[in-house]
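Shown below: work_30.cif, with mmCIF, C-alpha atoms.
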data_model
#
loop_
_atom_site.label_atom_id
_atom_site.label_comp_id
_atom_site.auth_asym_id
_atom_site.auth_seq_id
_atom_site.Cartn_x
_atom_site.Cartn_y
_atom_site.Cartn_z
CA VAL A 208 93.03 103.95 105.83
CA VAL A 209 94.13 101.25 103.41
CA THR A 210 93.50 100.50 99.75
CA ASP A 211 93.14 96.77 100.24
CA LEU A 212 92.42 95.30 103.65
CA ASP A 213 93.87 91.85 103.05
CA THR A 214 97.15 93.29 101.74
CA ALA A 215 97.35 95.59 104.76
CA ILE A 216 96.59 92.75 107.19
CA ALA A 217 99.42 90.72 105.66
CA LEU A 218 101.78 93.69 106.12
CA TYR A 219 100.95 94.15 109.80
CA GLU A 220 100.66 90.47 110.71
CA GLU A 221 103.56 89.05 108.77
CA ASP A 222 106.07 91.88 108.39
CA PHE A 223 105.31 93.88 111.54
CA GLU A 224 104.45 90.77 113.59
CA MET A 225 101.33 92.21 115.21
CA ARG A 226 98.39 90.08 116.28
CA LEU A 227 94.99 90.62 114.67
CA VAL A 228 92.50 90.86 117.55
CA HIS A 229 89.30 92.16 115.99
CA ARG A 230 87.51 92.56 112.65
CA GLU A 231 84.19 94.30 112.23
CA THR A 232 82.03 95.68 109.43
CA ILE A 233 80.46 99.06 110.12
CA GLU A 234 77.53 99.20 107.72
CA ALA A 235 76.59 102.80 108.55
CA TYR A 236 79.97 104.03 107.25
CA ALA A 237 80.55 101.28 104.70
CA VAL A 238 83.94 100.45 106.19
CA GLU A 239 85.56 97.32 107.48
CA ALA A 240 87.81 97.81 110.51
CA VAL A 241 90.60 95.59 111.79
CA LEU A 242 92.48 95.98 115.06
CA LEU A 243 95.98 94.64 115.67
CA ASP A 244 97.70 94.67 119.05
CA VAL A 245 100.89 96.64 119.58
CA GLY A 246 101.75 96.84 123.28
CA GLU A 247 98.75 98.34 125.07
CA SER A 248 97.79 100.21 121.87
CA HIS A 249 96.26 99.14 118.57
CA VAL A 250 96.81 99.75 114.92
CA GLU A 251 93.40 100.15 113.28
CA LEU A 252 93.12 99.39 109.57
CA LEU A 253 90.09 100.84 107.78
CA GLY A 254 89.05 99.56 104.38
CA SER A 255 86.33 100.84 102.08
CA LEU A 256 83.28 98.71 101.28
CA GLY A 257 82.32 100.69 98.18
CA PRO A 258 81.87 104.14 96.64
CA GLU A 259 79.50 105.22 99.44
CA SER A 260 82.14 104.52 102.10
CA ALA A 261 83.12 107.20 104.62
CA VAL A 262 86.79 106.67 103.70
CA GLU A 263 86.42 106.98 99.91
CA GLU A 264 87.03 110.75 99.87
CA PHE A 265 90.15 110.34 102.00
CA LEU A 266 91.48 107.62 99.68
CA ALA A 267 90.69 109.70 96.61
CA THR A 268 92.33 112.89 97.87
CA ALA A 269 95.15 111.80 100.22
CA GLY A 270 95.60 108.19 99.20
CA PRO A 271 96.11 105.43 101.77
CA GLY A 272 97.83 106.51 104.97
CA LEU A 273 97.44 107.88 108.46
CA HIS A 274 93.87 109.01 109.05
CA HIS A 275 93.46 109.76 112.76
CA ILE A 276 94.77 109.07 116.24
CA ALA A 277 92.56 107.65 118.99
CA TYR A 278 93.04 107.97 122.75
CA ARG A 279 91.29 105.87 125.37
CA VAL A 280 89.25 107.86 127.89
CA THR A 281 87.19 106.72 130.85
CA ASP A 282 84.25 109.05 130.22
CA VAL A 283 83.78 110.18 126.64
CA ASP A 284 80.82 112.46 127.45
CA SER A 285 82.71 114.53 130.01
CA GLU A 286 85.90 114.67 127.92
CA LEU A 287 84.01 115.76 124.80
CA HIS A 288 82.16 118.40 126.80
CA ARG A 289 85.42 119.67 128.30
CA LEU A 290 87.22 119.82 124.94
CA VAL A 291 84.34 121.53 123.13
CA ALA A 292 84.24 124.09 125.95
CA ALA A 293 87.98 124.61 125.33
CA GLY A 294 87.21 125.52 121.71
CA HIS A 295 87.57 122.22 119.84
CA GLN A 296 85.20 121.33 117.03
CA PRO A 297 83.39 118.01 117.41
CA LEU A 298 82.55 116.01 114.30
CA ASP A 299 79.24 115.03 115.91
CA PRO A 300 77.53 116.86 118.79
CA GLN A 301 77.27 113.67 120.86
CA PRO A 302 79.36 110.50 121.14
CA ARG A 303 78.32 107.62 118.95
CA ILE A 304 78.89 103.87 118.93
CA GLY A 305 82.27 102.71 117.64
CA ILE A 306 83.69 99.25 117.09
CA ARG A 307 83.53 96.59 119.83
CA GLY A 308 80.62 98.47 121.39
CA SER A 309 82.79 101.42 122.39
CA ARG A 310 81.49 104.98 122.59
CA VAL A 311 83.54 107.40 120.51
CA ALA A 312 83.79 111.07 119.61
CA PHE A 313 85.94 112.81 117.01
CA LEU A 314 87.49 116.27 117.08
CA GLU A 315 87.91 117.99 113.70
CA ALA A 316 91.54 118.28 112.62
CA ALA A 317 91.24 122.04 112.14
CA SER A 318 91.11 122.56 115.92
CA THR A 319 93.83 120.04 116.78
CA GLY A 320 96.83 120.99 114.66
CA GLY A 321 95.77 119.06 111.58
CA VAL A 322 95.38 115.75 113.43
CA MET A 323 91.89 114.25 113.50
CA THR A 324 91.58 113.06 117.09
CA GLU A 325 89.24 110.37 118.41
CA LEU A 326 88.23 109.74 122.01
CA VAL A 327 87.31 106.13 122.76
CA GLU A 328 85.49 104.88 125.84
CA PRO A 329 85.71 101.10 125.61
CA ALA A 330 82.57 99.04 126.31
CA VAL B 1484 104.53 117.89 112.46
CA VAL B 1485 103.32 121.19 113.86
CA THR B 1486 103.30 124.77 112.65
CA ASP B 1487 104.15 126.27 116.01
CA LEU B 1488 105.68 124.15 118.74
CA ASP B 1489 104.55 126.23 121.71
CA THR B 1490 100.94 126.25 120.49
CA ALA B 1491 101.06 122.50 119.98
CA ILE B 1492 102.60 121.91 123.41
CA ALA B 1493 99.76 123.91 124.98
CA LEU B 1494 97.22 121.78 123.11
CA TYR B 1495 98.69 118.49 124.29
CA GLU B 1496 99.58 119.56 127.82
CA GLU B 1497 96.51 121.61 128.68
CA ASP B 1498 93.68 120.25 126.55
CA PHE B 1499 94.81 116.64 126.18
CA GLU B 1500 96.40 116.51 129.66
CA MET B 1501 99.60 114.75 128.58
CA ARG B 1502 102.90 115.21 130.36
CA LEU B 1503 105.85 116.71 128.48
CA VAL B 1504 108.79 114.41 129.15
CA HIS B 1505 111.47 115.46 126.68
CA ARG B 1506 112.51 118.32 124.41
CA GLU B 1507 115.47 118.20 122.06
CA THR B 1508 116.88 120.15 119.14
CA ILE B 1509 118.16 118.05 116.25
CA GLU B 1510 120.53 120.38 114.43
CA ALA B 1511 121.20 117.98 111.54
CA TYR B 1512 117.54 118.11 110.54
CA ALA B 1513 116.79 121.61 111.81
CA VAL B 1514 113.87 120.36 113.87
CA GLU B 1515 112.87 120.63 117.50
CA ALA B 1516 111.22 117.52 118.94
CA VAL B 1517 108.99 117.22 121.99
CA LEU B 1518 107.76 113.99 123.56
CA LEU B 1519 104.62 113.74 125.69
CA ASP B 1520 103.59 110.62 127.59
CA VAL B 1521 100.36 108.83 126.78
CA GLY B 1522 100.22 105.46 128.51
CA GLU B 1523 103.32 103.50 127.49
CA SER B 1524 103.43 105.43 124.18
CA HIS B 1525 104.40 108.98 123.24
CA VAL B 1526 103.09 111.75 121.10
CA GLU B 1527 106.05 113.35 119.32
CA LEU B 1528 105.69 116.94 118.16
CA LEU B 1529 108.13 118.10 115.49
CA GLY B 1530 108.63 121.78 114.78
CA SER B 1531 110.70 123.42 112.06
CA LEU B 1532 113.75 125.51 112.93
CA GLY B 1533 113.87 127.30 109.57
CA PRO B 1534 113.62 126.95 105.80
CA GLU B 1535 116.36 124.28 105.73
CA SER B 1536 114.37 122.04 108.09
CA ALA B 1537 113.60 118.43 107.18
CA VAL B 1538 109.89 119.08 107.91
CA GLU B 1539 109.50 122.21 105.76
CA GLU B 1540 108.48 120.30 102.63
CA PHE B 1541 105.90 118.33 104.59
CA LEU B 1542 104.46 121.52 106.08
CA ALA B 1543 104.41 123.21 102.69
CA THR B 1544 102.69 120.37 100.87
CA ALA B 1545 100.53 118.55 103.45
CA GLY B 1546 100.30 121.18 106.17
CA PRO B 1547 100.59 120.30 109.86
CA GLY B 1548 99.41 116.83 110.78
CA LEU B 1549 100.31 113.18 111.17
CA HIS B 1550 103.78 112.50 109.78
CA HIS B 1551 104.81 108.99 110.82
CA ILE B 1552 104.28 106.19 113.33
CA ALA B 1553 107.12 104.79 115.43
CA TYR B 1554 107.35 101.36 117.01
CA ARG B 1555 109.80 100.33 119.72
CA VAL B 1556 112.06 97.42 118.83
CA THR B 1557 114.76 95.67 120.81
CA ASP B 1558 117.25 95.36 117.94
CA VAL B 1559 116.88 97.94 115.18
CA ASP B 1560 119.66 96.43 113.04
CA SER B 1561 118.08 92.99 112.81
CA GLU B 1562 114.55 94.37 112.33
CA LEU B 1563 115.68 96.71 109.57
CA HIS B 1564 117.56 93.89 107.88
CA ARG B 1565 114.53 91.59 108.11
CA LEU B 1566 112.11 94.21 106.75
CA VAL B 1567 114.38 95.23 103.87
CA ALA B 1568 114.73 91.55 102.98
CA ALA B 1569 110.90 91.40 102.96
CA GLY B 1570 110.86 94.14 100.32
CA HIS B 1571 110.52 97.34 102.34
CA GLN B 1572 112.37 100.48 101.32
CA PRO B 1573 114.58 102.01 104.02
CA LEU B 1574 115.04 105.78 104.09
CA ASP B 1575 118.69 105.25 105.06
CA PRO B 1576 120.70 102.06 104.50
CA GLN B 1577 121.72 101.90 108.17
CA PRO B 1578 120.07 102.99 111.44
CA ARG B 1579 121.00 106.45 112.68
CA ILE B 1580 120.86 108.26 116.00
CA GLY B 1581 117.45 109.57 117.04
CA ILE B 1582 116.36 111.61 120.04
CA ARG B 1583 117.33 110.59 123.59
CA GLY B 1584 120.26 108.64 122.17
CA SER B 1585 118.01 106.07 120.50
CA ARG B 1586 118.91 104.26 117.28
CA VAL B 1587 116.24 104.62 114.61
CA ALA B 1588 115.40 103.54 111.07
CA PHE B 1589 112.62 104.66 108.77
CA LEU B 1590 110.73 102.71 106.12
CA GLU B 1591 109.46 104.69 103.14
CA ALA B 1592 105.70 105.08 103.07
CA ALA B 1593 105.48 103.65 99.56
CA SER B 1594 106.29 100.16 100.87
CA THR B 1595 104.06 100.37 103.97
CA GLY B 1596 100.62 101.38 102.71
CA GLY B 1597 101.29 105.11 102.73
CA VAL B 1598 102.40 105.23 106.37
CA MET B 1599 105.98 106.29 107.01
CA THR B 1600 107.12 103.84 109.68
CA GLU B 1601 109.94 104.31 112.18
CA LEU B 1602 111.69 101.64 114.22
CA VAL B 1603 113.14 102.90 117.50
CA GLU B 1604 115.65 101.08 119.67
CA PRO B 1605 115.82 103.14 122.86
CA ALA B 1606 119.22 103.91 124.36
#
Please re-express this file's structure in structure tokens.
Amino acid sequence: VVTDLDTAIALYEEDFEMRLVHRETIEAYAVEAVLLDVGESHVELLGSLGPESAVEEFLATAGPGLHHIAYRVTDVDSELHRLVAAGHQPLDPQPRIGIRGSRVAFLEAASTGGVMTELVEPA
Amino acid sequence: VVTDLDTAIALYEEDFEMRLVHRETIEAYAVEAVLLDVGESHVELLGSLGPESAVEEFLATAGPGLHHIAYRVTDVDSELHRLVAAGHQPLDPQPRIGIRGSRVAFLEAASTGGVMTELVEPA
């Protein structure tokens, strides 16, 4: 989660030499998301689009920084079901649509050692 | 950074189905580090070995959770030099030895959008 998206993009593109591969506005959460390639993984930058944004509370309390870790899965429904059965707390009861048409599910940090954890099934 | 290393290992091995590939005690920092494979990347778990540990302050103030992100580089000296010249603040003036005989350098979070960033040149 970043304070200013353009400043953060400059940091990752110019200083860290990563390639920007996607940029998308998520109106429902009032965030703008940017993906940059690093090997087979991505850095995702999330910027706020206003006081109603889903990342405003995080920025206000923790400041900019690491927000969550996402892992690619092949079947988000079965993995979410398995992890909830193992005692993990889902943020939402069912997967929802993420960026690039992916299907995603989050596990609350309280059940995963303080690390908010996202499962991503790419489109 | 985790509160209890064995509990965290169980989470990542059993629930997240990652393979533990390395475990090492770093006496100089009073931490125990564990690496688990995820694709071509790793999750690194860091546990404290006592009140003198380098992660005790983090645990006391932030609690367990995401501590830093590490990127593999081919030449840590030249990358550190380049990034310091670009205005980033190094934690140490020169790279030091990390786990598995790697050479590592950290950039302070204040110069990288709140994300402590590690460069790792594998052995």
message: Need the shell around Phe1541 (chain B): protein/DNA/RNA residues with any atom at most 9 Å away, counting all atoms listed in the file. Skip same-chain ones fewer than 4 positions apart. Format as a ChimeraX atom specification?
response: /B:1484,1537,1545-1547,1550
- request: Would you translate the PyMOL selection byres ((chain A and resi 327) around 9) into the concrete set of residues it matches in this file, as JSON, numbers by chain?
  value: {"A": [277, 278, 279, 280, 281, 282, 283, 305, 309, 310, 311, 312, 313, 325, 326, 328, 329]}
Exercise: residues within 8 Å of coordinate (104.7, 105.2, 109.2), counting only C-alpha atoms, as a PyMOL selection string: (chain A and resi 273) or (chain B and resi 1550-1553+1589-1592+1595+1597-1601)
Residues of region 1495-1600 of chain B within 9 Å of region 231-255 of chain A: nearest atom pair and distance (Å, one decimal) for each, counting all atoms listed in the file, sorted by chain and number, as CSV?
residue,atom,partner,partner_atom,distance
B:Gly1522,CA,A:Glu247,CA,8.0
B:Glu1523,CA,A:Glu247,CA,7.3
B:Ser1524,CA,A:Ser248,CA,8.0
B:Tyr1554,CA,A:Val245,CA,8.4
- prompt: Which of these residues is nearest to chain A, using all atoms listed in the file: B:Val1504, B:Leu1542, B:Gly1584, B:Pro1534?
  reply: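 Under the stated criterion, the closest residue is B:Leu1542.
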message: Between CA of Val209 (chain A) and CA of Gly1596 (chain B), what is the distance in Å, rounded to a tenth?
response: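 About the pair CA of Val209 (chain A) and CA of Gly1596 (chain B): they are 6.5 Å apart.
CA of His295 (chain A) lies 8.5 Å from CA of Ala317 (chain A).
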